[in-house]
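See below for upload.cif, which holds mmCIF, C-alpha atoms.
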```cif
data_entry
loop_
_atom_site.label_atom_id
_atom_site.label_comp_id
_atom_site.auth_asym_id
_atom_site.auth_seq_id
_atom_site.Cartn_x
_atom_site.Cartn_y
_atom_site.Cartn_z
CA MET A 3 -9.17 33.79 20.43
CA GLY A 4 -6.67 34.56 23.21
CA SER A 5 -2.94 34.09 22.83
CA ARG A 6 -2.99 31.01 25.10
CA ALA A 7 -5.64 29.34 22.97
CA LYS A 8 -3.69 30.17 19.80
CA ALA A 9 -0.47 28.73 21.25
CA ARG A 10 -2.27 25.55 22.40
CA ARG A 11 -3.93 25.14 18.99
CA HIS A 12 -0.60 25.70 17.20
CA ARG A 13 1.20 23.14 19.41
CA ASN A 14 -1.43 20.51 18.63
CA GLU A 15 -1.50 21.09 14.88
CA ASP A 16 -0.08 18.20 12.93
CA PRO A 17 1.54 19.34 9.68
CA VAL A 18 1.70 15.78 8.35
CA VAL A 19 -1.12 14.43 6.23
CA ARG A 20 -2.00 11.07 7.75
CA GLU A 21 -4.16 8.35 6.35
CA ARG A 22 -5.75 5.31 7.88
CA ALA A 23 -4.36 2.26 6.11
CA GLY A 24 -4.33 -1.49 6.25
CA ILE A 25 -1.12 -3.40 5.78
CA ASP A 26 -1.25 -2.93 1.97
CA GLY A 27 -1.32 0.87 2.25
CA THR A 28 1.44 0.71 4.82
CA ARG A 29 3.48 -1.51 2.48
CA ALA A 30 3.08 1.05 -0.34
CA MET A 31 4.46 3.85 1.86
CA LEU A 32 7.33 1.66 3.06
CA ARG A 33 8.18 0.82 -0.57
CA GLU A 34 8.56 4.57 -1.20
CA ALA A 35 10.91 4.75 1.78
CA ALA A 36 12.92 1.76 0.52
CA VAL A 37 13.27 3.32 -2.94
CA THR A 38 14.37 6.60 -1.37
CA GLN A 39 16.83 4.81 0.95
CA PRO A 40 17.63 1.25 -0.14
CA ASP A 41 20.75 1.05 2.09
CA GLN A 42 19.56 -0.70 5.25
CA SER A 43 22.53 0.64 7.21
CA LYS A 44 21.11 4.15 6.74
CA VAL A 45 17.58 3.30 7.91
CA LEU A 46 16.71 3.71 11.58
CA PHE A 47 13.52 2.48 13.22
CA VAL A 48 12.45 4.37 16.33
CA CYS A 49 9.90 2.12 18.01
CA ILE A 50 8.22 4.12 20.75
CA GLY A 51 6.37 2.68 23.72
CA THR A 52 6.74 0.59 26.84
CA ASP A 53 6.72 -3.06 27.79
CA CYS A 54 4.54 -2.16 30.81
CA SER A 55 1.31 -1.55 28.87
CA THR A 56 -0.35 -3.97 26.47
CA GLY A 57 -1.41 -1.39 23.87
CA ASP A 58 1.66 0.80 24.23
CA SER A 59 3.91 -2.24 23.68
CA PHE A 60 3.17 -2.14 19.93
CA GLY A 61 6.33 -0.14 19.12
CA PRO A 62 8.66 -2.24 21.30
CA TRP A 63 7.20 -5.46 19.83
CA VAL A 64 7.98 -4.21 16.32
CA GLY A 65 11.46 -3.13 17.44
CA THR A 66 12.16 -6.52 19.01
CA MET A 67 11.03 -8.35 15.86
CA LEU A 68 13.17 -6.10 13.64
CA LYS A 69 16.23 -6.65 15.86
CA GLU A 70 15.64 -10.41 15.73
CA ALA A 71 15.45 -10.18 11.92
CA GLY A 72 18.89 -8.55 11.84
CA TRP A 73 18.14 -4.86 11.39
CA PRO A 74 21.22 -2.91 12.53
CA ASN A 75 19.54 0.33 13.61
CA VAL A 76 16.60 -0.02 15.97
CA ILE A 77 15.80 2.15 18.97
CA GLY A 78 13.07 0.72 21.23
CA THR A 79 12.62 -2.96 22.00
CA LEU A 80 10.87 -4.88 24.75
CA GLU A 81 14.20 -5.24 26.54
CA HIS A 82 15.20 -1.59 26.08
CA PRO A 83 12.02 0.47 25.49
CA CYS A 84 11.97 3.96 24.05
CA ASP A 85 9.33 5.22 26.46
CA ALA A 86 8.46 8.76 27.54
CA ASP A 87 11.11 8.72 30.27
CA HIS A 88 13.94 7.75 27.89
CA TYR A 89 12.74 9.10 24.55
CA GLU A 90 14.60 12.42 24.37
CA ARG A 91 17.91 10.90 25.49
CA LEU A 92 17.62 7.98 23.04
CA VAL A 93 16.82 10.10 19.98
CA ALA A 94 19.14 13.04 20.76
CA ASP A 95 22.11 11.87 18.69
CA ILE A 96 20.47 10.44 15.58
CA PRO A 97 22.69 11.35 12.61
CA SER A 98 20.98 13.60 10.07
CA PHE A 99 21.80 11.27 7.16
CA MET A 100 19.63 8.47 8.58
CA THR A 101 16.18 7.82 7.17
CA VAL A 102 14.00 7.50 10.27
CA VAL A 103 10.84 5.42 10.38
CA ALA A 104 8.98 6.21 13.60
CA ILE A 105 6.61 3.59 14.98
CA ASP A 106 4.20 4.07 17.88
CA ALA A 107 0.77 3.02 19.12
CA CYS A 108 -2.23 5.31 18.89
CA LEU A 109 -5.92 5.35 19.69
CA GLY A 110 -8.62 5.42 17.01
CA LYS A 111 -12.38 5.44 16.57
CA LYS A 112 -14.68 2.96 18.27
CA ASN A 113 -15.47 -0.19 16.32
CA GLU A 114 -12.56 0.28 13.91
CA GLU A 115 -10.72 -2.77 12.77
CA PRO A 116 -7.08 -2.73 13.86
CA CYS A 117 -5.10 -0.77 11.28
CA TYR A 118 -2.39 1.86 10.96
CA MET A 119 -2.16 5.63 10.65
CA ILE A 120 0.64 6.37 8.20
CA GLY A 121 2.32 9.60 7.23
CA ARG A 122 5.22 10.89 5.22
CA GLY A 123 6.73 12.95 7.97
CA PRO A 124 7.16 12.84 11.73
CA LEU A 125 4.85 11.55 14.39
CA PHE A 126 4.26 13.21 17.74
CA PRO A 127 4.83 10.60 20.46
CA ALA A 128 2.53 10.30 23.48
CA GLN A 129 -0.14 12.72 22.21
CA ALA A 130 -2.94 10.30 23.12
CA VAL A 131 -1.97 10.54 26.77
CA GLY A 132 -1.42 14.31 26.75
CA LYS A 133 2.38 14.43 26.69
CA ARG A 134 4.39 16.74 24.46
CA LEU A 135 7.51 15.07 23.14
CA PRO A 136 9.50 16.32 20.14
CA PRO A 137 8.31 14.96 16.77
CA ILE A 138 10.38 12.31 15.02
CA GLY A 139 10.59 10.50 11.70
CA ASP A 140 10.81 10.92 7.97
CA TYR A 141 8.02 8.35 7.79
CA SER A 142 5.60 7.48 10.57
CA ILE A 143 3.44 4.50 11.38
CA ALA A 144 1.08 4.38 14.32
CA GLY A 145 -0.73 1.16 15.10
CA ILE A 146 -4.33 1.84 16.13
CA VAL A 147 -4.54 -0.50 19.10
CA ALA A 148 -7.72 0.69 20.84
CA PRO A 149 -10.49 3.32 20.65
CA HIS A 150 -10.15 6.88 21.97
CA SER A 151 -11.43 7.27 25.49
CA VAL A 152 -11.56 9.79 28.31
CA LYS A 153 -9.22 7.32 30.06
CA PRO A 154 -6.44 6.74 27.49
CA TYR A 155 -4.08 5.00 29.95
CA TRP A 156 -6.81 2.52 30.91
CA VAL A 157 -7.67 1.82 27.27
CA LEU A 158 -4.01 1.25 26.38
CA GLN A 159 -3.60 -1.09 29.36
CA HIS A 160 -6.61 -3.15 28.26
CA ALA A 161 -5.87 -3.44 24.54
CA SER A 162 -5.87 -6.98 23.17
CA LEU A 163 -2.35 -8.43 23.34
CA PHE A 164 -3.31 -10.85 20.57
CA GLU A 165 -4.23 -7.94 18.24
CA VAL A 166 -1.21 -5.83 19.24
CA MET A 167 1.19 -8.70 18.58
CA GLY A 168 -0.55 -9.57 15.31
CA MET A 169 -0.27 -5.99 14.08
CA ALA A 170 3.39 -5.86 15.16
CA ARG A 171 4.15 -9.12 13.33
CA ASN A 172 2.38 -7.90 10.16
CA LEU A 173 4.33 -4.64 10.22
CA SER A 174 7.72 -6.21 10.90
CA ASP A 175 7.13 -8.87 8.21
CA THR A 176 6.17 -6.10 5.75
CA ILE A 177 9.29 -4.07 6.58
CA ASN A 178 11.48 -7.14 6.04
CA GLU A 179 9.69 -7.92 2.77
CA VAL A 180 10.02 -4.38 1.43
CA TRP A 181 13.74 -4.14 2.18
CA THR A 182 14.19 -7.89 1.47
CA LEU A 183 16.32 -8.71 4.47
#
```
Would you write out, as structure tokens, the structure that this file holds?
Amino acid sequence: MGSRAKARRHRNEDPVVRERAGIDGTRAMLREAAVTQPDQSKVLFVCIGTDCSTGDSFGPWVGTMLKEAGWPNVIGTLEHPCDADHYERLVADIPSFMTVVAIDACLGKKNEEPCYMIGRGPLFPAQAVGKRLPPIGDYSIAGIVAPHSVKPYWVLQHASLFEVMGMARNLSDTINEVWTL
């Protein structure tokens, strides 16, 4: 294997063990996070995505719902998205003492029920569309909003808004329940 192939493979390797989970599995991981950091003022949600794409709006929907519920530390809402153009600037000054929960949309297998990919460690934003942004998060949750495709932008644009909003509501309700806002 050539050095270019090795470098490309290394860049794409994900050191975080991720599991496909429904809302109950996601709740269990979030409970671990809440036990580790019960102080809501030291928890930051980085909700990645854009309001310009149905599927990629999953993160901003969650961020908006968390802000409306009174969470003090949220980056990425429908009004102020944490999209690829703003991501690095928005996350540059996150204090190291914060517990960061990163939330983004992702693509999954065909015919999968909507669910989440969860991990205890960072997620790598925009991988589905071939971008390379710095990883983020102590915990990560990616909502599987549509199946993988050779046209990821098209698939994200045509994801069901009903399903995306339902998944966002379930996740934000679970976060509020776990930290009992």
Item to check | Pick from A:Arg29, A:Arg134, A:Arg22, A:Arg171, whichever lies nearest to Asp87 of chain A using only C-alpha atoms | outcome: A:Arg134
Item to check | Expansion of the PyMOL selection byres ((chain A and resi 93-110) around 7) into residues, as a ChimeraX atom specification | outcome: /A:39,44-51,57-58,60-61,89-92,111-112,125,130,138-150
Step by step: start from the point (4.4, -4.2, 17.0) in the file's coordinates, keep every protein, DNA or RNA residue that has an atom no farther than 6 Å from it, count only C-alpha atoms, and write the set as a short mmCIF file (atom, residue, chain, number, x, y, z; two decimals) with C-alpha atoms, in the frame of the given file.
```cif
data_model
loop_
_atom_site.label_atom_id
_atom_site.label_comp_id
_atom_site.auth_asym_id
_atom_site.auth_seq_id
_atom_site.Cartn_x
_atom_site.Cartn_y
_atom_site.Cartn_z
CA PHE A 60 3.17 -2.14 19.93
CA GLY A 61 6.33 -0.14 19.12
CA TRP A 63 7.20 -5.46 19.83
CA VAL A 64 7.98 -4.21 16.32
CA MET A 167 1.19 -8.70 18.58
CA MET A 169 -0.27 -5.99 14.08
CA ALA A 170 3.39 -5.86 15.16
#
```
Item to check | Gap from atom CA of Pro127 of chain A to atom CA of Thr52 of chain A - Å, one decimal | outcome: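 The value is 12.0 Å.
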Item to check | Atom-to-atom span, atom CA of Pro83 of chain A and atom CA of Asp53 of chain A, Å | outcome: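 Between these atoms lies a distance of 6.8 Å.
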Checklist entry - Which one is closest to Lys69 of chain A: A:Ser174, A:Thr56, A:Thr182, A:Ser162? Count only C-alpha atoms. => result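 Comparing A:Ser174, A:Thr56, A:Thr182, A:Ser162 against Lys69 of chain A, the winner is A:Ser174.
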Item to check | Interatomic distance (Å, one decimal) between atom CA of Ile177 of chain A and atom CA of Gly123 of chain A | outcome: 17.3 Å
Checklist entry - Pick the closest to Ile25 of chain A from A:Ala128, A:Val37, A:Leu173, A:Ala71: which is it, counting only C-alpha atoms? => result A:Leu173
Checklist outcome for this item: Among A:Gln42, A:Thr176, A:Leu163, A:Ala23, Trp73 of chain A is approached most closely, using only C-alpha atoms, by A:Gln42
Item to check | Residue among A:Glu81, A:Glu34, A:Glu21, A:Glu165 lying closest to Pro116 of chain A, counting only C-alpha atoms | outcome: A:Glu165
